[in-house]
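Visitor: This structure is in structure tokens; I'll ask about it shortly.
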Amino acid sequence: MDYVSLSSNFLFASFIIYMVAIFFFAFTIRDKNKPHKTSKAGTIGIIITIIGFLSQVGYFITRWIASQHAPVSNMFEYMTFFGMMLVFAFIILYFIYKVNLLGLFILPVAVVVIGYASVFPQEISPLVPSLKSHWLYIHVTTVSLGEGILAVSFGAGLIYLIRQIDQTVKSKKTFWLEFIMYSILSVIAFVVISTTFSSMNYTVEFQHSETETTVEYHMPAIAGPNDGEMMTDDKMSAWFKAPGWMNGAEAGRKLNSLLWSLLGGLVLYGVIRLVLRKRICAAIQPLVKNTNPDLLDEVAYRAVTIGFPVFTLGGLIFASIWAQEAWDRFWGWDPKEVWALITWFFYAAFLHLRLSRGWHGEKSAWLTVIGFAIIMFNLVVVNLVISGMHSYAS
Amino acid sequence: MEKIKCECGHVNPEGTVLCEACGKPIERNQHIDGNEKNKLLNMRYEGSARRSQTKNRNIVDKIWIFFSSVKVGVWLIVLTLIASIIGTLLPQEMYIPQNVEPAQHYRDQYGLFGQIYYQMGFHNLYSSWWYILLIASIGVSLVICSIDRFVPLYRALKRQKPKRHSNFIRRQRLFGKTEAVKSEDINKAVSRLKKKRYKISEENGHILGEKGRFSRWGPYVNHIGLIIVLIAALLRSMSTFYIEDYVWVREGETKVIPQTDGQYYIKNNDFLMDVYDEKDERYAEAIEKTGEMIPSNYETKAEIYEVKGETIAGQDPELTKINEGEIRVNEPLKIDDISLYQASYQLNEFQKMSFKLHRSDDEDETPLGEFTFDMSDPKKEYDLGNGYRVEVDEYYPEFFMDDGVPDTKSKYPKKPAFIFFVYGPDMEDYEVNFLTIGANLNPHNNNQYKISVTGVDMRDVTGLTVKRDHTIPLFIVGAIIFMLGVIQGMYWYHRRIWIHPKEEGVWIAAHTNKNWFGLKKDLEYSLEGTEIKIPDDQQELK
Ligand code: HEM
């Protein structure tokens with residue numbers, strides 16, 4: 001077997017193994033033990049997680065050998081790596097705090113992230129000159145480790161909120177909690193829908209009337225390109241056209257994918273609500289009642305204190321060194337750089353707020369959610385939509 | 001200044017909330033840290049007297065109070081954060097195409113929103129006065145706030161005594177009472193604390209175990225790092241520290257390097273662009289998918305010359321070669337404190353074009369005369385001998401038709417076109433020849449004579465950034481100090497455990513600046529197997 005297929009097998013294996021681990025962490029809910037005492041199911045869960053992580057390390061190494069550069073150079077590779085760092089960060093915090101529930105929340109996020117990564121083109125691509133620097137690898141790996149650790153604080157914050165928010169009445173808080181669930185479901189829907197259509201080899205082609213360039217859709221077109229004409233017969237034609245202010249040849253396609261995931265998420269959410277007959281978080285709440293909110297708050301804060309220095313080092317300092325090498329300026333207000341700065345400002349504000357009374361507990365938990373949203377925005381939206389020089393996917 | 005004498009005998013400065021020595025709350029100052037409403041004491045700055053909390057008279061005090069507030073600091077950070085987001089909504093001016101009018105570009109590309117964005121100045125947001133003001137305020141706030149707290153905190157940590165006031169002990173977050181305790185239990189706990197590397201001090205049976213105090217200075221160290229970074233950013237506006245310029249050099253050309261007072265010249269011997277081999281198995285699929293060549297290397301083979309002796313106006317200076325080498329994307333070439341970076345390129349510019357003149361009706365196109373047009377040294381007229389002569393009426397380096405009128409897009413010879421006037425011995429007037437590469441655009445087809453292209457010489461142009469940057473070491477120092485400070489403050493914790501003997505039994509209290517979980521584990525470890533009860537957490541979130 002060659003290295004390329006070996007590496008994708010490793011990745012697939014770890015994807016499955018993580019799901020098995022989630023299953024075991026789910027068993028720990030029934031444990032009446034004190035939260036930070038190990039239980040059998042939890043121990044099995046963490047061992048399986050570690051095996052999955054090692055398998056993913058195997059993916060990383062074999063792919064590196066195959067491509068002859070560190071596999072962190074396109075959207076697929078980067079998202080996969082972020083998923084791996086998320087698991088790694090979880091393992092670290094697990095060994096400090098032994099909170100089994102964290103596995104039940106963080107591993108699914110990692111699985112979704114890796115699933116999402118797999119939607120992007122997976123060919124090994126060569127590096128343009130500005131990317132050929134060891135600092136690129138050092139920067140990218142450190143920054144995603146930092147983001148992974150910071151994301152663990154989101155996991156703890158989320159459990160905190162699910163446990164603490166009053167679910168007997170409908171409120172803004174319950175709405176936003178459901179919104180978080182819905183967002184995760186939308187990503188899952190996107191992964192499912194795009195894998196389904198791509199396994200069917202579905203394509204529709206549009207031609208821009210002005211530039212005569214073509215765009216290929218790999219999902220049925222709900223929103224067509226702004227000035228595009230459909231070139232493929234016997235496929236569903238677009239319901240409407242992307243508005244004119246959306247820029248770029250690919251705008252229509254991106255809008256289309258977004259619509260599919262939002263709608264798919266809505267369907268998933270609707271079905272789950274119908275089955276549960278109550279808010280998703282209201283259904284989860286009894287499962288997390290056994291945890292100690294104080295400990296969750298502490299884990300969330302601790303994850304930020306551990307992650308912040310790592311993120312600063314990778315996202316600002318190593319990033320500057322690399323930018324200095326690649327474009328001979330260490331800081332250029334490129335959107336990606338600015339969003340790293342925004343993330344950094346945000347967590348700095350978080351740390352300062354924690355110094356004062358009144359910002360512990362619930363408020364702080366909401367902040368971890370916002371922080372995670374910023375990180376994901378930087379990884380996904382800035383890469384795919386705002387896109388500057390760092391943009392991986394084109 | 002008024003002083004406050006505590007019952008323990010220690011004299012505290014005005015504004016003290018908790019006595020520096022024994023920690024007894026000072027009645028009239030409890031509002032400062034909001035302690036009066038709470039069971040637990042606010043331990044943030046050890047209840048020390050900060051200037052910002054005590055002086056409120058003149059304008060300086062007011063400014064001081066404003067900038068030393070963490071609340072204000074957080075607001076400044078949040079405002080800067082929001083402003084930064086706005087700057088990424090549309091591309092900044094430096095990232096839009098160079099050859100367009102910005103106002104027009106934003107209007108055309110982004111409609112009304114773009115127009116407003118441009119008018120608000122958001123297209124240059126990060127160099128706008130108000131963004132810089134925000135950053136500067138963060139800097140001021142950092143300085144003031146650190147000074148405001150550093151000295152008092154230092155005093156309080158230096159003067160603390162192992163013997164603390166009962167009120168102080170009782171109002172710690174971790175606190176427990178044990179009624180009857182054997183003295184060997186206390187000794188056991190102390191020796192276990194020592195094992196955990198706590199520093200033990202004692203005063204009349206009152207014991208303090210402390211570790212990781214140095215981590216309290218982490219924030220101050222990291223703020224100093226940030227201030228150094230901000231100073232470095234400030235110095236960038238001075239040309240002794242920072243210069244950026246640009247130079248285009250054609251192959252074979254020697255040009256003066258800007259910003260060197262005409263002292264240095266660069267010669268471009270060759271410019272190379274390598275692309276990935278599409279037959280390379282590894283990348284074949286990806287290359288095919290993008291459908292373009294993917295560059296693997298840009299390189300300028302350069303020679304650097306220095307001017308020797310006096311330069312005489314109007315005369316070419318005498319040049320001595322001092323260096324030669326390749327400039328690649330990640331590898332600049334250095335001369336003194338100036339670095340040359342590979343930044344851009346232009347492939348296949350026309351360097352020379354050769355023409356011949358022949359009769360229009362001559363099938364063999366036997367030349368009556370030949371000439372070569374050199375783009376870097378264009379002549380007005382070329383004498384072909386035998387009475388033939390060509391006059392260059394117009395030369396368009398980058399030709400295009402602007403509404404039927406020929407024009408040039410730039411002065412760079414990317415697509416040259418010419419209008420030649422041909423004079424001959426047997427002609428009364430001249431004939432017009434209008435041609436560009438690959439096309440004869442002659443308006444009149446009854447010309448007797450015709451000019452044809454016989455050859456072209458192409459060359460590449462390299463674009464180099466010229467930089468001097470003395471601020472980088474300062475940035476590096478700032479960044480390192482910042483990192484050390486954050487690590488110091490985040491990966492170490494200041495833990496204190498007080499063992500407070502009572503007439504009956506003992507009280508135990510503990511405090512840490514973060515990571516309570518770790519402190520609790522230390523307590524569990526050191527009190528294990530003793531009669532002493534493990535302190536309760538008085539502040540459990542419900
Ligand atoms: C982007 C700018 C800033 C960054 C990155 C930053 C970073 C930090 C960090 C990492 C800490 C340690 C937090 C902890 O240990 O939990 C800290 C503490 C602190 N910062 Fe900042 N800071 C910034 C701006 C400011 C400003 C503007 C102020 C002024 C109000 C300020 C006031 C403080 C104070 C009072 C502390 C606590 C000091 C102590 O615990 O003794 N910071 N800062």
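Residue names in the structure tokens use chain letters A, B, ... in the order shown, residue numbers from 1 in each chain, and ligand numbers from 1 in the order shown.
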If you count only C-alpha atoms, which residues fall within 8 Å of Met483 (chain B), apart from same-chain ones fewer than 2 positions away, as a short mmCIF file (atom, residue, chain, number, x, y, z; two decimals) with N, CA, C and O atoms, in the first residue's frame?

Guide:
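Done, and the output landed in around-v6.cif:
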```cif
data_model
loop_
_atom_site.label_atom_id
_atom_site.label_comp_id
_atom_site.auth_asym_id
_atom_site.auth_seq_id
_atom_site.Cartn_x
_atom_site.Cartn_y
_atom_site.Cartn_z
N PRO A 309 -1.37 31.47 26.11
CA PRO A 309 0.04 31.63 25.74
C PRO A 309 0.40 30.85 24.47
O PRO A 309 1.14 31.34 23.62
N THR A 312 -0.93 32.79 21.55
CA THR A 312 -0.13 33.98 21.30
C THR A 312 1.16 33.61 20.56
O THR A 312 1.54 34.25 19.58
N LEU A 313 1.78 32.55 21.05
CA LEU A 313 3.04 32.14 20.44
C LEU A 313 2.84 31.75 18.98
O LEU A 313 3.56 32.21 18.09
N ASN B 222 4.40 40.77 31.44
CA ASN B 222 3.85 40.74 30.09
C ASN B 222 3.40 42.11 29.61
O ASN B 222 3.54 42.44 28.43
N GLY B 225 6.34 43.82 28.23
CA GLY B 225 6.58 43.32 26.87
C GLY B 225 5.69 44.02 25.86
O GLY B 225 6.14 44.46 24.80
N ALA B 479 8.28 40.79 22.33
CA ALA B 479 7.52 39.54 22.22
C ALA B 479 8.03 38.50 23.22
O ALA B 479 7.23 37.80 23.86
N ILE B 480 9.35 38.42 23.35
CA ILE B 480 9.91 37.43 24.28
C ILE B 480 9.50 37.75 25.71
O ILE B 480 9.04 36.89 26.46
N ILE B 481 9.63 39.05 26.08
CA ILE B 481 9.24 39.43 27.44
C ILE B 481 7.75 39.15 27.66
O ILE B 481 7.35 38.62 28.69
N GLY B 485 6.30 36.62 30.44
CA GLY B 485 5.34 37.12 31.42
C GLY B 485 4.06 36.30 31.44
O GLY B 485 3.57 35.95 32.51
N VAL B 486 3.53 36.00 30.25
CA VAL B 486 2.27 35.24 30.25
C VAL B 486 2.49 33.85 30.81
O VAL B 486 1.68 33.34 31.58
N ILE B 487 3.61 33.24 30.45
CA ILE B 487 3.86 31.88 30.95
C ILE B 487 4.02 31.91 32.46
O ILE B 487 3.43 31.12 33.19
#
```

Visitor: According to DSSP computed on the backbone, where in region 99-260 of chain B is there strand (DSSP E or B)? Give the residues as a list in words.

Guide: Leu174, Phe175, Gly176, Lys177, Thr178, Lys199, Ile200, Ser201, Glu202, Glu203, His206, Ile207, Leu208, Gly209, Glu210, Lys211, Tyr242, Ile243, Glu244, Asp245, Tyr246, Val247, Trp248, Val249, Arg250, Thr254, Lys255 and Val256 of chain B

Visitor: Using only C-alpha atoms, which of B:Cys22, B:Ile144, B:Ala103, B:Ile294 sits nearest chain A?

Guide: B:Ile294

Visitor: Using only C-alpha atoms and all ligand atoms, find each residue with an atom at most 7 Å away from ligand 1 and format the answer as a PDB file with C-alpha atoms, in the first residue's frame.

Guide:
```pdb
ATOM      1  CA  PHE A 345      -7.943  40.549  21.995  1.00  0.00           C
ATOM      2  CA  ALA A 348      -7.249  38.928  26.672  1.00  0.00           C
ATOM      3  CA  LEU A 351      -8.828  37.025  31.183  1.00  0.00           C
ATOM      4  CA  HIS A 352      -9.205  40.585  32.435  1.00  0.00           C
ATOM      5  CA  ARG A 354     -12.155  37.057  35.107  1.00  0.00           C
ATOM      6  CA  LEU A 355     -10.151  39.293  37.425  1.00  0.00           C
TER       7      LEU A 355
ATOM      8  CA  ARG B  44      -7.245  40.638  44.014  1.00  0.00           C
ATOM      9  CA  TYR B  45      -4.581  43.134  45.032  1.00  0.00           C
ATOM     10  CA  PHE B  67      -6.779  54.682  32.740  1.00  0.00           C
ATOM     11  CA  SER B  68      -6.015  52.515  35.736  1.00  0.00           C
ATOM     12  CA  SER B  69      -9.424  50.913  35.713  1.00  0.00           C
ATOM     13  CA  VAL B  70      -9.466  47.380  34.388  1.00  0.00           C
ATOM     14  CA  LYS B  71     -13.018  48.052  33.229  1.00  0.00           C
ATOM     15  CA  VAL B  72     -11.779  50.872  31.011  1.00  0.00           C
ATOM     16  CA  GLY B  73      -8.934  48.643  29.824  1.00  0.00           C
ATOM     17  CA  VAL B  74     -11.367  45.931  28.819  1.00  0.00           C
ATOM     18  CA  LEU B  76     -10.552  49.731  25.090  1.00  0.00           C
ATOM     19  CA  ILE B  77      -9.671  46.186  24.091  1.00  0.00           C
ATOM     20  CA  ILE B 138      -4.404  50.730  25.468  1.00  0.00           C
ATOM     21  CA  GLY B 139      -0.702  51.501  25.845  1.00  0.00           C
ATOM     22  CA  SER B 141      -3.793  52.287  30.185  1.00  0.00           C
ATOM     23  CA  LEU B 142      -1.280  49.457  30.423  1.00  0.00           C
ATOM     24  CA  CYS B 145      -2.608  50.481  35.464  1.00  0.00           C
ATOM     25  CA  SER B 146       0.579  48.526  36.020  1.00  0.00           C
ATOM     26  CA  ARG B 149      -0.892  48.251  41.222  1.00  0.00           C
ATOM     27  CA  ARG B 216       2.061  37.289  40.606  1.00  0.00           C
ATOM     28  CA  TRP B 217       4.521  39.403  38.642  1.00  0.00           C
ATOM     29  CA  GLY B 218       3.610  37.672  35.391  1.00  0.00           C
ATOM     30  CA  PRO B 219       1.011  40.232  34.288  1.00  0.00           C
ATOM     31  CA  TYR B 220       3.418  43.104  34.965  1.00  0.00           C
ATOM     32  CA  ASN B 222       3.849  40.737  30.087  1.00  0.00           C
ATOM     33  CA  HIS B 223       2.553  44.295  30.109  1.00  0.00           C
ATOM     34  CA  VAL B 486       2.269  35.237  30.246  1.00  0.00           C
ATOM     35  CA  GLY B 489       1.487  34.232  35.184  1.00  0.00           C
ATOM     36  CA  MET B 490      -0.453  31.410  33.596  1.00  0.00           C
TER      37      MET B 490
END
```

Visitor: Identify every residue of chain B that has at least one atom within 6 Å of any atom of chain A, counting only C-alpha atoms, and report the result as a list of chain:residue names.

Guide: B:Val74, B:Leu81, B:Thr88, B:Tyr283, B:Ala286, B:Pro295, B:Ser296, B:Asn297, B:Asn330, B:Met490, B:Glu540, B:Leu541

Visitor: Pick out the closest residue to Ser73 (chain A) from this set: A:Trp366, A:Tyr137, A:Phe25, A:Tyr202. Count only C-alpha atoms.

Guide: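 The answer is A:Tyr137, which sits nearest to Ser73 (chain A).
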